[in-house]
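Student: This is the structure, below, for whatever I ask next.
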Amino acid sequence: MKIAVIGGGYVGLVTAACFAHLGHEVSVVEVDAGKVRAINAGEPPIYEEGLEELLTVHAGKTLAAGTGYGPVADADLSFICVGTPPAGDGSADLSYITAACRSIGEALRSGKKTHTVVVKSTVPPGTTENLVVPTVREASGRDDLGFAMNPEFLREGKAVDDFLHPDRIVIGSADPAARESVAAVYRGIDAPVVRTGTTAAEMIKYASNALLATKISYTNEIGNLCKRLGIDVYEVMQGVGLDKRVSPHFLNAGAGFGGSCFPKDVAALIHLAERQGEDPVLLQSVMEVNRRQPLRMVGILKERVGDLNGKRIAVLGLAFKDGTDDVRESRAIPVIEALLEGGAAVAAYDPLAVPNMRRVFPQIEYCAGAAEALAGADACLLMTEWPEFSCLDGEFDLMKSRVVIEGRRVLSCDGKEGICW
């Protein structure tokens, strides 16, 4: 089938590359000309495990990128994969969705080919029916188009594997023909297909992310209590996670969740609930626990080294999780902000995320390796669970004082302290 993917970011580029891998002819529409050149050259503009290999095989063959919407007119389906960043009030900013819908509609105006517009971006329930459908129809002048919602469930760092080996494929549509056209592009993937109404599919995405975020904040709150009681929270959660009704996933205590999905999606769900007259106490608490959690590390640090003014503090790990260079909502950001407010000199290192974090904090020192960051440091805060950090030991001897506080449980050396263990 011929597919147009609107947006060449994490979701769009992974979606495009994987559809090409499944045998479809894919065109990526991306406004950033630099990204377009990189994609066509087989060089992913983002780091994602397995993505470069797919682009190497398919770029210039069954996968091409461009800045114009021309390919939409000849496509069987167009997948909207643009961003929905948080607005100032916590709601989802749908301006990119609106712009994409207008451009899709204009591209389809003169065509007569059967076409289905599919929303893959995470949008509040009701967006497809109340915004996407009328906007595309108005811009196209056509009422014969199909519409569907097909949410993504991709973990950054494991997105390619998640796309090709998903837990489920959710397709929401009021139009059976549109729903089945979306199902057809996934042929070759062994996963249950959940067919729902459009709005239900949108809510499935929000509810899934909110539940996972809730498990993380719950675990961290239990971990904070366990630390006061002298209990190892990881032993506790190992026992809890063996219950089939709970599962062991997302029960690792630490500095909290970040990234491009959980924070903004929970905030958007809270905003949606409040607009409907509900008081989402649980979701509000999830966000508040997550806001406070990384700052507990700074509190422990002050207890161990006193006044931060003039102290050299090594921060290991800047990405919001390992396996990615994404620093959006990284728990290292509020920690570094607090360190700078206290007058500390920050020496930071991350295997992939230094260029992105440099845009956030251009004034701090960025190091080429963990040893460089630790040399002469008064303390170390470990923020991201990169596997290479688990092998550190002798490097800590380079520190002025061996004060090591973990936000993620990865270190095997002696003398460390966890944020809530």
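Ordering of the structure tokens sets the chain letters (A, B, ...), residue numbers begin anew at 1 in every chain, and ligands are numbered from 1 in the order given.
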If we count only C-alpha atoms and set the cut-off at 8 Å, which residues sit around Ala100 in chain A, ignoring sequence neighbours fewer than 3 positions away in its own chain? Please answer as a tab-separated table (two decimals) with N, CA, C and O atoms, in the first residue's frame.
Tutor:
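Output contents, as saved in out.tsv:
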chain	number	residue	atom	x	y	z
A	6	ILE	N	2.82	11.86	8.24
A	6	ILE	CA	2.97	13.30	8.47
A	6	ILE	C	3.73	13.51	9.77
A	6	ILE	O	3.22	13.27	10.86
A	80	ILE	N	-1.15	10.71	10.72
A	80	ILE	CA	-0.76	11.96	11.36
A	80	ILE	C	0.07	11.63	12.59
A	80	ILE	O	-0.42	11.02	13.55
A	82	VAL	N	2.29	14.08	14.16
A	82	VAL	CA	2.90	15.33	14.62
A	82	VAL	C	2.79	15.45	16.13
A	82	VAL	O	2.02	14.72	16.77
A	96	TYR	N	-0.50	21.77	15.82
A	96	TYR	CA	0.17	21.00	14.77
A	96	TYR	C	-0.80	20.01	14.11
A	96	TYR	O	-0.72	19.75	12.90
A	97	ILE	N	-1.72	19.47	14.89
A	97	ILE	CA	-2.74	18.57	14.35
A	97	ILE	C	-3.62	19.33	13.37
A	97	ILE	O	-3.90	18.86	12.24
A	103	SER	N	-3.56	20.77	5.64
A	103	SER	CA	-2.67	20.46	4.52
A	103	SER	C	-3.05	19.14	3.87
A	103	SER	O	-3.00	19.01	2.63
A	104	ILE	N	-3.44	18.16	4.67
A	104	ILE	CA	-3.90	16.87	4.12
A	104	ILE	C	-5.14	17.10	3.27
A	104	ILE	O	-5.26	16.59	2.15
Student: As a count of residues only, please: every residue in range 121-165 of chain A that DSSP puts in alpha helix (DSSP H).
Tutor: 15
Student: Please report, as CSV, each residue of range 309-349 of chain A lying at most 7 Å from range 255-262 of chain A, together with the nearest pair of atoms and the separation in Å rounded to one decimal; use only C-alpha atoms, and order rows by chain and ascending residue number.
Tutor:
residue,atom,partner,partner_atom,distance
A:Phe320,CA,A:Gly258,CA,5.5
A:Val327,CA,A:Gly259,CA,6.8
A:Arg328,CA,A:Gly259,CA,4.9
A:Glu329,CA,A:Gly258,CA,4.6
A:Ser330,CA,A:Gly258,CA,4.9
A:Arg331,CA,A:Gly258,CA,6.2
Student: I'd like the neighbourhood of Arg179 in chain A as a ChimeraX atom specification, where a residue qualifies if any of its atoms comes within 12 Å (using only C-alpha atoms), though same-chain residues fewer than 6 positions away should be ignored.
Tutor: /A:77,115-119,146-150,169-173,185-186,193-198,201
Student: Do you have, as a tab-separated table, the list of residues of range 89-130 of chain A lying at most 12 Å from range 275-297 of chain A, each with its nearest atom pair and that distance in Å to one decimal, counting only C-alpha atoms and ordered by chain then number?
Tutor:
residue	atom	partner	partner_atom	distance
A:Asp89	CA	A:Arg275	CA	11.5
A:Gly90	CA	A:Met287	CA	11.6
A:Ser91	CA	A:Arg275	CA	10.1
A:Pro124	CA	A:Arg275	CA	11.8
A:Pro125	CA	A:Gln276	CA	11.8
Student: Excluding Thr98 in chain A and any residue of its chain fewer than 4 positions from it, enumerate the residues within 8 Å of it, using only C-alpha atoms, and give them as a PDB file with all heavy atoms, in the first residue's frame.
Tutor:
ATOM      1  N   LEU A  94      -3.005  21.417  20.173  1.00  0.00           N
ATOM      2  CA  LEU A  94      -3.420  20.713  18.958  1.00  0.00           C
ATOM      3  C   LEU A  94      -3.177  21.530  17.689  1.00  0.00           C
ATOM      4  O   LEU A  94      -3.713  21.202  16.624  1.00  0.00           O
ATOM      5  CB  LEU A  94      -4.906  20.340  19.058  1.00  0.00           C
ATOM      6  CG  LEU A  94      -5.283  19.430  20.239  1.00  0.00           C
ATOM      7  CD1 LEU A  94      -6.782  19.192  20.258  1.00  0.00           C
ATOM      8  CD2 LEU A  94      -4.525  18.115  20.190  1.00  0.00           C
ATOM      9  N   ARG A 102      -5.390  20.490   7.745  1.00  0.00           N
ATOM     10  CA  ARG A 102      -5.666  21.416   6.642  1.00  0.00           C
ATOM     11  C   ARG A 102      -4.821  21.063   5.416  1.00  0.00           C
ATOM     12  O   ARG A 102      -5.330  21.057   4.283  1.00  0.00           O
ATOM     13  CB  ARG A 102      -5.366  22.844   7.092  1.00  0.00           C
ATOM     14  CG  ARG A 102      -6.399  23.409   8.068  1.00  0.00           C
ATOM     15  CD  ARG A 102      -6.030  24.808   8.499  1.00  0.00           C
ATOM     16  NE  ARG A 102      -6.984  25.328   9.476  1.00  0.00           N
ATOM     17  CZ  ARG A 102      -6.661  26.153  10.451  1.00  0.00           C
ATOM     18  NH1 ARG A 102      -5.405  26.550  10.604  1.00  0.00           N
ATOM     19  NH2 ARG A 102      -7.581  26.597  11.288  1.00  0.00           N
ATOM     20  N   LEU A 131     -12.338  17.582  15.630  1.00  0.00           N
ATOM     21  CA  LEU A 131     -11.374  18.484  15.007  1.00  0.00           C
ATOM     22  C   LEU A 131     -10.848  17.933  13.686  1.00  0.00           C
ATOM     23  O   LEU A 131     -10.901  18.609  12.660  1.00  0.00           O
ATOM     24  CB  LEU A 131     -10.216  18.767  15.966  1.00  0.00           C
ATOM     25  CG  LEU A 131      -9.193  19.831  15.545  1.00  0.00           C
ATOM     26  CD1 LEU A 131      -8.534  20.444  16.769  1.00  0.00           C
ATOM     27  CD2 LEU A 131      -8.102  19.288  14.633  1.00  0.00           C
ATOM     28  N   VAL A 132     -10.358  16.700  13.710  1.00  0.00           N
ATOM     29  CA  VAL A 132      -9.715  16.138  12.524  1.00  0.00           C
ATOM     30  C   VAL A 132     -10.701  15.968  11.376  1.00  0.00           C
ATOM     31  O   VAL A 132     -10.466  16.436  10.250  1.00  0.00           O
ATOM     32  CB  VAL A 132      -9.026  14.796  12.853  1.00  0.00           C
ATOM     33  CG1 VAL A 132      -8.492  14.141  11.582  1.00  0.00           C
ATOM     34  CG2 VAL A 132      -7.906  15.010  13.868  1.00  0.00           C
ATOM     35  N   THR A 135     -12.081  19.338   9.930  1.00  0.00           N
ATOM     36  CA  THR A 135     -11.027  20.153   9.320  1.00  0.00           C
ATOM     37  C   THR A 135     -10.599  19.584   7.978  1.00  0.00           C
ATOM     38  O   THR A 135     -10.449  20.307   6.992  1.00  0.00           O
ATOM     39  CB  THR A 135      -9.812  20.262  10.265  1.00  0.00           C
ATOM     40  OG1 THR A 135     -10.229  20.816  11.510  1.00  0.00           O
ATOM     41  CG2 THR A 135      -8.735  21.155   9.661  1.00  0.00           C
TER      42      THR A 135
END
Student: Rounded to one decimal in Å, what is the spacing between CA of Leu55 in chain A and CA of Ala183 in chain A?
Tutor: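 So the two atoms, CA of Leu55 in chain A and CA of Ala183 in chain A, lie 23.6 Å apart.
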Student: Would you kindly return, as a list in words, each protein, DNA or RNA residue with an atom no farther than 7 Å from any atom of Cys420 in chain A, considering only C-alpha atoms and excluding same-chain residues fewer than 4 positions away?
Tutor: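 In the requested form, the answer reads Gly223, Asn224, Lys227 and Gly254 of chain A.
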Student: Quick one: pick out all strand (DSSP E or B) residues within range 175-294 of chain A from a backbone DSSP run and write them as a VMD selection string.
Tutor: chain A and resid 193 to 196
Student: Would you save the residues of that selection, restricted to N, CA, C and O atoms, as a CSV table (one decimal), in the first residue's frame?
Tutor:
chain,number,residue,atom,x,y,z
A,193,VAL,N,-5.7,-7.4,17.5
A,193,VAL,CA,-6.2,-6.1,17.0
A,193,VAL,C,-7.5,-5.8,17.8
A,193,VAL,O,-8.4,-6.5,17.8
A,194,VAL,N,-7.4,-4.7,18.5
A,194,VAL,CA,-8.5,-4.2,19.3
A,194,VAL,C,-9.3,-3.2,18.4
A,194,VAL,O,-8.8,-2.1,18.1
A,195,ARG,N,-10.5,-3.5,18.0
A,195,ARG,CA,-11.3,-2.6,17.2
A,195,ARG,C,-12.3,-1.9,18.1
A,195,ARG,O,-13.1,-2.5,18.8
A,196,THR,N,-12.3,-0.6,18.2
A,196,THR,CA,-13.1,0.2,19.1
A,196,THR,C,-13.7,1.4,18.3
A,196,THR,O,-13.4,1.7,17.2
Student: Do a neighbour search on Asp143 in chain A at 12 Å with only C-alpha atoms, toss out local chain neighbours closer than 2 positions, and write the hits as a PyMOL selection string.
Tutor: chain A and resi 105+108-109+112+114-116+133-141+145-147
